[in-house]
>>> print(open('run-v4.txt').read())   # compact mmCIF, C-alpha atoms
# COMPACT_ATOMS: atom_id res chain seq x y z
CA MET A 1 -10.99 -21.45 -18.88
CA GLU A 2 -11.63 -17.73 -19.45
CA ALA A 3 -15.29 -18.18 -18.52
CA LEU A 4 -14.29 -19.80 -15.24
CA ARG A 5 -12.22 -16.73 -14.33
CA THR A 6 -15.04 -14.27 -14.94
CA ARG A 7 -16.57 -13.09 -11.67
CA ALA A 8 -20.23 -12.22 -11.27
CA SER A 9 -20.98 -8.51 -11.50
CA ALA A 10 -20.70 -6.57 -8.26
CA GLN A 11 -23.92 -6.14 -6.29
CA PRO A 12 -24.93 -2.87 -4.63
CA LEU A 13 -24.67 -3.30 -0.86
CA GLN A 14 -28.24 -3.53 0.44
CA ASP A 15 -28.03 -5.39 3.73
CA ALA A 16 -25.03 -4.04 5.64
CA ASP A 17 -25.84 -6.11 8.74
CA ASP A 18 -25.59 -9.30 6.72
CA LEU A 19 -22.07 -8.41 5.52
CA ILE A 20 -20.96 -7.17 8.97
CA ASP A 21 -22.19 -10.37 10.67
CA SER A 22 -20.47 -12.60 8.10
CA VAL A 23 -16.90 -11.48 8.89
CA GLU A 24 -14.80 -10.76 11.98
CA THR A 25 -12.23 -8.38 10.46
CA PHE A 26 -12.50 -5.35 8.21
CA ILE A 27 -9.40 -4.18 6.35
CA PHE A 28 -9.72 -0.59 5.17
CA ASP A 29 -7.66 1.27 2.63
CA CYS A 30 -7.08 4.84 3.85
CA ASP A 31 -7.01 7.48 1.10
CA GLY A 32 -10.39 7.60 -0.64
CA VAL A 33 -12.02 5.45 2.06
CA ILE A 34 -11.19 7.03 5.44
CA TRP A 35 -9.91 10.39 4.23
CA LYS A 36 -9.27 12.36 1.07
CA GLY A 37 -5.99 14.23 1.27
CA ASP A 38 -6.19 15.79 4.75
CA SER A 39 -9.99 15.76 5.08
CA LEU A 40 -11.96 13.03 6.85
CA ILE A 41 -14.76 11.51 4.76
CA ASP A 42 -18.23 12.08 6.27
CA GLY A 43 -19.50 9.53 8.76
CA VAL A 44 -16.20 7.64 9.20
CA PRO A 45 -15.83 8.02 13.02
CA GLU A 46 -19.38 6.82 13.67
CA THR A 47 -18.95 3.88 11.29
CA LEU A 48 -15.70 2.72 12.90
CA ASP A 49 -17.24 3.09 16.38
CA MET A 50 -20.24 0.99 15.34
CA LEU A 51 -18.02 -1.78 13.94
CA ARG A 52 -15.86 -1.82 17.08
CA SER A 53 -19.00 -1.97 19.24
CA LYS A 54 -19.94 -5.14 17.35
CA GLY A 55 -16.56 -6.65 18.25
CA LYS A 56 -15.03 -6.36 14.78
CA ARG A 57 -11.28 -6.13 14.35
CA LEU A 58 -10.28 -3.13 12.24
CA VAL A 59 -7.06 -2.94 10.23
CA PHE A 60 -5.90 -0.06 8.04
CA VAL A 61 -3.70 -0.85 5.04
CA THR A 62 -2.13 1.72 2.74
CA ASN A 63 0.21 1.52 -0.24
CA ASN A 64 1.57 4.96 0.64
CA SER A 65 5.18 4.41 1.79
CA THR A 66 6.03 8.05 2.59
CA LYS A 67 5.05 7.63 6.26
CA SER A 68 5.90 5.06 8.92
CA ARG A 69 3.23 3.39 11.07
CA LYS A 70 3.98 5.86 13.86
CA GLN A 71 3.57 8.82 11.47
CA TYR A 72 0.28 7.38 10.20
CA GLY A 73 -0.87 7.01 13.81
CA LYS A 74 -0.36 10.76 14.20
CA LYS A 75 -2.45 11.43 11.07
CA PHE A 76 -5.34 9.34 12.43
CA GLU A 77 -5.04 11.19 15.74
CA THR A 78 -5.06 14.60 13.99
CA LEU A 79 -8.28 13.59 12.24
CA GLY A 80 -9.83 12.61 15.59
CA LEU A 81 -9.70 8.84 15.03
CA SER A 82 -8.56 6.44 17.73
CA VAL A 83 -6.36 3.90 15.93
CA THR A 84 -3.34 2.07 17.39
CA GLU A 85 -0.03 1.55 15.57
CA GLU A 86 -0.66 -2.21 15.59
CA GLU A 87 -3.78 -1.65 13.47
CA ILE A 88 -1.88 0.21 10.74
CA PHE A 89 -0.01 -1.49 7.91
CA ALA A 90 1.72 0.81 5.44
CA SER A 91 3.78 -0.48 2.53
CA SER A 92 6.84 1.12 4.18
CA PHE A 93 6.33 -1.32 7.07
CA ALA A 94 5.67 -4.17 4.62
CA ALA A 95 9.09 -3.63 2.98
CA ALA A 96 10.87 -3.89 6.35
CA ALA A 97 8.68 -6.83 7.46
CA TYR A 98 9.44 -8.70 4.24
CA LEU A 99 13.20 -8.25 4.67
CA LYS A 100 12.94 -9.50 8.27
CA SER A 101 10.85 -12.48 7.14
CA ILE A 102 13.61 -13.65 4.77
CA ASN A 103 16.34 -13.06 7.40
CA PHE A 104 18.00 -10.32 5.38
CA PRO A 105 21.71 -10.56 6.29
CA LYS A 106 22.85 -8.19 9.05
CA ASP A 107 25.98 -7.25 7.10
CA LYS A 108 23.97 -6.16 4.05
CA LYS A 109 22.42 -2.73 3.42
CA VAL A 110 19.31 -1.47 1.68
CA TYR A 111 19.44 1.34 -0.86
CA VAL A 112 16.22 3.35 -0.58
CA ILE A 113 14.56 5.20 -3.44
CA GLY A 114 11.70 6.67 -1.46
CA GLU A 115 10.85 8.87 1.48
CA ASP A 116 11.14 9.02 5.24
CA GLY A 117 8.56 6.31 6.03
CA ILE A 118 10.73 3.55 4.56
CA LEU A 119 13.85 4.78 6.40
CA LYS A 120 12.03 4.85 9.75
CA GLU A 121 10.63 1.33 9.34
CA LEU A 122 14.02 -0.09 8.29
CA GLU A 123 15.60 1.58 11.31
CA LEU A 124 12.99 0.04 13.65
CA ALA A 125 13.68 -3.36 12.07
CA GLY A 126 17.42 -2.96 12.71
CA ILE A 127 18.29 -2.96 8.99
CA GLN A 128 21.15 -0.81 7.65
CA TYR A 129 20.20 1.57 4.86
CA LEU A 130 21.44 4.42 2.69
CA GLY A 131 19.83 6.76 0.18
CA GLY A 132 16.35 8.18 0.68
CA PRO A 133 15.55 11.92 0.63
CA GLU A 134 19.18 12.97 1.23
CA ASP A 135 20.11 11.67 -2.23
CA GLY A 136 17.46 13.96 -3.74
CA GLY A 137 19.92 16.82 -4.05
CA LYS A 138 22.76 14.78 -5.57
CA LYS A 139 23.72 15.40 -9.17
CA ILE A 140 25.93 13.52 -11.60
CA GLU A 141 28.46 15.58 -13.55
CA LEU A 142 29.01 13.60 -16.71
CA LYS A 143 32.65 14.43 -17.42
CA PRO A 144 34.59 12.29 -19.93
CA GLY A 145 35.51 8.95 -18.36
CA PHE A 146 33.31 9.51 -15.27
CA TYR A 147 32.73 6.29 -13.31
CA MET A 148 30.08 6.15 -10.60
CA GLU A 149 30.95 4.15 -7.50
CA HIS A 150 28.32 2.24 -5.53
CA ASP A 151 28.29 0.30 -2.25
CA GLU A 152 28.88 -3.40 -2.93
CA ASP A 153 27.28 -4.31 0.42
CA VAL A 154 23.82 -3.26 -0.80
CA GLY A 155 21.73 -6.44 -0.83
CA ALA A 156 18.36 -4.87 -1.67
CA VAL A 157 17.00 -1.80 -3.41
CA VAL A 158 13.60 -0.71 -2.07
CA VAL A 159 11.63 1.61 -4.36
CA GLY A 160 8.59 3.59 -3.23
CA PHE A 161 6.90 6.88 -4.03
CA ASP A 162 9.59 9.58 -4.11
CA ARG A 163 9.05 13.30 -4.68
CA TYR A 164 12.86 13.72 -4.75
CA PHE A 165 13.43 11.19 -7.53
CA ASN A 166 16.37 11.97 -9.80
CA TYR A 167 18.89 10.47 -12.21
CA TYR A 168 21.47 9.91 -9.45
CA LYS A 169 19.04 7.55 -7.69
CA VAL A 170 18.15 5.75 -10.92
CA GLN A 171 21.81 5.09 -11.70
CA TYR A 172 22.75 4.14 -8.12
CA GLY A 173 19.85 1.73 -7.76
CA THR A 174 20.52 0.27 -11.19
CA LEU A 175 24.21 -0.37 -10.39
CA CYS A 176 23.29 -2.14 -7.12
CA ILE A 177 20.71 -4.41 -8.77
CA ARG A 178 22.77 -5.21 -11.85
CA GLU A 179 26.22 -5.56 -10.30
CA ASN A 180 25.76 -6.76 -6.70
CA PRO A 181 25.25 -10.56 -6.74
CA GLY A 182 21.80 -11.54 -5.42
CA CYS A 183 20.65 -7.94 -4.89
CA LEU A 184 16.86 -7.81 -4.46
CA PHE A 185 14.59 -5.33 -6.24
CA ILE A 186 11.64 -4.60 -3.95
CA ALA A 187 8.73 -2.27 -4.74
CA THR A 188 6.37 -0.93 -2.08
CA ASN A 189 3.67 -0.71 -4.79
CA ARG A 190 3.13 -0.11 -8.49
CA ASP A 191 0.31 2.43 -8.20
CA ALA A 192 0.07 4.43 -11.42
CA VAL A 193 -1.37 7.52 -9.75
CA THR A 194 -1.67 9.04 -6.29
CA HIS A 195 -3.63 11.93 -4.77
CA LEU A 196 -1.19 14.54 -3.52
CA THR A 197 -3.93 17.13 -3.86
CA ASP A 198 -7.66 16.75 -4.42
CA ALA A 199 -7.41 18.89 -7.57
CA GLN A 200 -5.96 16.21 -9.89
CA GLU A 201 -4.20 12.85 -10.09
CA TRP A 202 -0.41 12.78 -9.74
CA ALA A 203 2.14 10.23 -10.95
CA GLY A 204 2.35 7.44 -8.36
CA GLY A 205 5.04 5.14 -7.01
CA GLY A 206 4.68 2.93 -10.07
CA SER A 207 6.47 5.59 -12.12
CA MET A 208 9.61 5.31 -9.94
CA VAL A 209 9.41 1.51 -9.94
CA GLY A 210 8.97 1.55 -13.73
CA ALA A 211 12.15 3.59 -14.21
CA ILE A 212 14.25 1.08 -12.26
CA GLY A 213 12.52 -1.83 -13.98
CA GLY A 214 13.32 -0.25 -17.32
CA SER A 215 17.03 0.22 -16.60
CA THR A 216 17.60 -3.15 -14.89
CA GLN A 217 15.25 -5.23 -17.08
CA ARG A 218 14.10 -6.88 -13.84
CA GLU A 219 10.64 -7.37 -12.36
CA PRO A 220 10.33 -6.17 -8.75
CA LEU A 221 8.99 -8.14 -5.83
CA VAL A 222 5.95 -6.08 -4.75
CA VAL A 223 5.16 -6.06 -1.01
CA GLY A 224 2.15 -3.69 -1.06
CA LYS A 225 -1.33 -4.26 -2.48
CA PRO A 226 -2.35 -6.25 -4.51
CA SER A 227 0.50 -8.63 -3.53
CA THR A 228 -0.60 -11.18 -0.93
CA PHE A 229 2.42 -10.57 1.35
CA MET A 230 0.59 -8.10 3.62
CA MET A 231 -2.56 -10.24 3.70
CA ASP A 232 -0.56 -13.35 4.68
CA TYR A 233 1.31 -11.31 7.30
CA LEU A 234 -1.94 -9.95 8.80
CA ALA A 235 -3.68 -13.33 8.83
CA ASP A 236 -0.66 -14.86 10.55
CA LYS A 237 -0.17 -12.02 13.04
CA PHE A 238 -3.80 -11.86 14.18
CA GLY A 239 -4.66 -15.54 13.61
CA ILE A 240 -7.49 -14.67 11.21
CA GLN A 241 -9.04 -16.94 8.60
CA LYS A 242 -9.03 -15.08 5.31
CA SER A 243 -12.65 -16.03 4.65
CA GLN A 244 -13.48 -14.03 7.80
CA ILE A 245 -12.05 -10.79 6.35
CA CYS A 246 -13.73 -8.10 4.27
CA MET A 247 -11.42 -5.80 2.30
CA VAL A 248 -12.85 -2.30 1.82
CA GLY A 249 -11.19 -0.02 -0.74
CA ASP A 250 -11.67 2.51 -3.52
CA ARG A 251 -9.28 1.05 -6.13
CA LEU A 252 -10.11 -2.00 -8.20
CA ASP A 253 -6.55 -2.88 -9.29
CA THR A 254 -5.02 -2.66 -5.80
CA ASP A 255 -7.60 -2.89 -2.99
CA ILE A 256 -10.19 -5.19 -4.53
CA LEU A 257 -7.57 -7.36 -6.25
CA PHE A 258 -5.69 -7.53 -2.91
CA GLY A 259 -8.83 -8.88 -1.21
CA GLN A 260 -9.56 -11.32 -4.02
CA ASN A 261 -5.96 -12.58 -4.17
CA GLY A 262 -6.20 -13.21 -0.42
CA GLY A 263 -9.53 -15.06 -0.61
CA CYS A 264 -11.51 -12.36 1.26
CA LYS A 265 -14.88 -10.73 0.75
CA THR A 266 -14.55 -7.37 -1.02
CA LEU A 267 -16.44 -4.07 -0.86
CA LEU A 268 -15.70 -1.19 -3.25
CA VAL A 269 -16.54 2.32 -2.07
CA LEU A 270 -17.15 5.05 -4.64
CA SER A 271 -15.72 7.81 -2.42
CA GLY A 272 -12.24 7.63 -4.00
CA VAL A 273 -10.79 7.00 -7.45
CA THR A 274 -13.34 4.54 -8.88
CA SER A 275 -16.67 5.75 -10.27
CA LEU A 276 -19.73 3.58 -10.90
CA SER A 277 -19.18 3.92 -14.67
CA MET A 278 -15.59 2.66 -14.29
CA LEU A 279 -16.82 -0.32 -12.24
CA GLN A 280 -19.52 -1.18 -14.78
CA SER A 281 -17.36 -0.59 -17.87
CA PRO A 282 -17.10 -3.65 -20.16
CA ASP A 283 -13.31 -3.12 -20.05
CA ASN A 284 -13.17 -3.68 -16.28
CA LYS A 285 -12.44 -7.29 -15.37
CA ILE A 286 -12.20 -6.79 -11.58
CA GLN A 287 -15.57 -7.15 -9.85
CA PRO A 288 -15.90 -6.80 -6.06
CA ASP A 289 -18.57 -8.74 -4.18
CA PHE A 290 -20.35 -5.49 -3.29
CA TYR A 291 -20.13 -1.76 -3.90
CA THR A 292 -21.53 1.28 -2.08
CA ASN A 293 -21.00 5.05 -2.04
CA LYS A 294 -19.00 5.36 1.20
CA ILE A 295 -18.37 3.38 4.36
CA SER A 296 -20.94 5.35 6.38
CA ASP A 297 -23.55 3.52 4.25
CA PHE A 298 -23.00 0.78 6.85
CA LEU A 299 -25.02 3.02 9.18
CA SER A 300 -27.85 4.06 6.85
CA LEU A 301 -28.24 0.66 5.15
CA LYS A 302 -28.21 -0.93 8.59
CA ALA A 303 -31.04 1.35 9.71
CA ALA A 304 -33.02 0.68 6.54
CA THR A 305 -33.02 -3.07 7.11
CA VAL A 306 -34.07 -3.05 10.76
>>> encode(input="run-v4.txt", output="structure tokens")
Amino acid sequence: MEALRTRASAQPLQDADDLIDSVETFIFDCDGVIWKGDSLIDGVPETLDMLRSKGKRLVFVTNNSTKSRKQYGKKFETLGLSVTEEEIFASSFAAAAYLKSINFPKDKKVYVIGEDGILKELELAGIQYLGGPEDGGKKIELKPGFYMEHDEDVGAVVVGFDRYFNYYKVQYGTLCIRENPGCLFIATNRDAVTHLTDAQEWAGGGSMVGAIGGSTQREPLVVGKPSTFMMDYLADKFGIQKSQICMVGDRLDTDILFGQNGGCKTLLVLSGVTSLSMLQSPDNKIQPDFYTNKISDFLSLKAATV
């Protein structure tokens, strides 16, 4: 059985036209593919323009939950890219979309361990919430006999990347999940690291999720990559066959796995966290269909094959 699961080694992308013509939709990760931190990666605007000129649908998917779709739209605009809100799917939106898809009860609330993006998306979805950044300054004074109250109407705890993470939030989220009957534990992603600066890797949202998982002894329902929820949502929303999608990303364990879990073609770019040596390491079990240096190779490899 193990042999059946082993995928063929990734091929270097040589004929970009062939890949472009074989699909109708390209899903792009953002950080490491479109930009790095606040800097646009070379050749991105021209590449996106070329794909649009060929009639391809473009979708941008990110596990970063700190911004809402509207806030991401502003980032694209700041970088000079013309992208609509409907083309952007952040894990903050995925959390709200998931709760709507299960008809989360109107009388229930969501406790948020995360940042503004999640709050904004819950608000747009008409879902009551508490927590978020404002709980970042709260402290617990452990006096003898101290008992921490929590809201018994919390029906879900959503955990995302949170620069204001503290013990108050850990305890509050833990009480909701352990003591409120049927309370859901939802993670926007389990990314081990993130790129807050281009100088080094920083602890990612997976560290916050891990803390709550450790205290509750529960596994979260993950709505971001590599979970198939966003892929199913996109395919349904746009009426796309998954075999007609190519997922382009820089992370093997989220982006490429996301594409493979969804039955899509996959292209790894080496402009982000994954190096060629990491891809070709005997320890790496995740092999994309193709790999290339950056997405603007679509332009140069296209020219080379004419």
>>> residues_around(input="run-v4.txt", residues="Ser296 of chain A", least_positions_apart="4", cutoff="8 Å", atoms="only C-alpha atoms", output="list in words")
Asp42, Gly43, Val44, Glu46, Thr47 and Ser300 of chain A
>>> residues_around(input="run-v4.txt", residues="segment 170-176 of chain A", least_positions_apart="5", cutoff="12 Å", atoms="all atoms listed in the file", output="ChimeraX atom specification")
/A:108-114,130-132,135-136,138-140,147-159,162,164-165,181-186,207-218
>>> atom_distance(input="run-v4.txt", atom1="atom CA of Asn261 of chain A", atom2="atom CA of Lys285 of chain A")
14.0 Å
>>> atom_distance(input="run-v4.txt", atom1="atom CA of Cys246 of chain A", atom2="atom CA of Glu219 of chain A")
29.5 Å
>>> closest_residue(input="run-v4.txt", among="A:Asn166, A:Met247, A:Ile295, A:Leu19", to="Leu40 of chain A", atoms="all atoms listed in the file")
A:Ile295
>>> build_atoms(input="run-v4.txt", residues="segment 223-247 of chain A", atoms="N, CA and C atoms", output="compact mmCIF listing (two decimals), in the coordinates of the input")
# COMPACT_ATOMS: atom_id res chain seq x y z
N VAL A 223 5.61 -5.69 -2.36
CA VAL A 223 5.16 -6.06 -1.01
C VAL A 223 3.82 -5.42 -0.63
N GLY A 224 3.42 -4.34 -1.34
CA GLY A 224 2.15 -3.69 -1.06
C GLY A 224 1.01 -4.33 -1.83
N LYS A 225 -0.18 -3.75 -1.73
CA LYS A 225 -1.33 -4.26 -2.48
C LYS A 225 -1.06 -4.15 -3.99
N PRO A 226 -1.51 -5.10 -4.82
CA PRO A 226 -2.35 -6.25 -4.51
C PRO A 226 -1.59 -7.54 -4.17
N SER A 227 -0.28 -7.45 -3.93
CA SER A 227 0.50 -8.63 -3.53
C SER A 227 -0.08 -9.23 -2.25
N THR A 228 0.00 -10.53 -2.11
CA THR A 228 -0.60 -11.18 -0.93
C THR A 228 0.30 -11.12 0.31
N PHE A 229 1.51 -10.55 0.19
CA PHE A 229 2.42 -10.57 1.35
C PHE A 229 1.78 -9.96 2.60
N MET A 230 1.18 -8.76 2.45
CA MET A 230 0.59 -8.10 3.62
C MET A 230 -0.60 -8.88 4.16
N MET A 231 -1.40 -9.45 3.26
CA MET A 231 -2.56 -10.24 3.70
C MET A 231 -2.10 -11.47 4.50
N ASP A 232 -1.09 -12.17 3.97
CA ASP A 232 -0.56 -13.35 4.68
C ASP A 232 0.00 -12.94 6.04
N TYR A 233 0.70 -11.81 6.06
CA TYR A 233 1.31 -11.31 7.30
C TYR A 233 0.23 -11.00 8.34
N LEU A 234 -0.84 -10.31 7.90
CA LEU A 234 -1.94 -9.95 8.80
C LEU A 234 -2.66 -11.18 9.33
N ALA A 235 -2.97 -12.12 8.43
CA ALA A 235 -3.68 -13.33 8.83
C ALA A 235 -2.87 -14.11 9.86
N ASP A 236 -1.56 -14.15 9.64
CA ASP A 236 -0.66 -14.86 10.55
C ASP A 236 -0.55 -14.13 11.88
N LYS A 237 -0.36 -12.82 11.83
CA LYS A 237 -0.17 -12.02 13.04
C LYS A 237 -1.39 -12.06 13.95
N PHE A 238 -2.58 -11.92 13.37
CA PHE A 238 -3.80 -11.86 14.18
C PHE A 238 -4.51 -13.21 14.29
N GLY A 239 -4.01 -14.23 13.58
CA GLY A 239 -4.66 -15.54 13.61
C GLY A 239 -6.05 -15.50 13.01
N ILE A 240 -6.18 -14.83 11.85
CA ILE A 240 -7.49 -14.67 11.21
C ILE A 240 -7.60 -15.62 10.01
N GLN A 241 -8.77 -16.22 9.84
CA GLN A 241 -9.04 -16.94 8.60
C GLN A 241 -9.38 -15.92 7.53
N LYS A 242 -8.81 -16.09 6.35
CA LYS A 242 -9.03 -15.08 5.31
C LYS A 242 -10.49 -14.98 4.87
N SER A 243 -11.23 -16.07 5.01
CA SER A 243 -12.65 -16.03 4.65
C SER A 243 -13.45 -15.19 5.64
N GLN A 244 -12.83 -14.84 6.76
CA GLN A 244 -13.48 -14.03 7.80
C GLN A 244 -13.08 -12.55 7.70
N ILE A 245 -12.51 -12.17 6.55
CA ILE A 245 -12.05 -10.79 6.35
C ILE A 245 -12.85 -10.16 5.21
N CYS A 246 -13.19 -8.88 5.37
CA CYS A 246 -13.73 -8.10 4.27
C CYS A 246 -12.77 -6.95 3.97
N MET A 247 -12.30 -6.88 2.74
CA MET A 247 -11.42 -5.80 2.30
C MET A 247 -12.27 -4.67 1.72
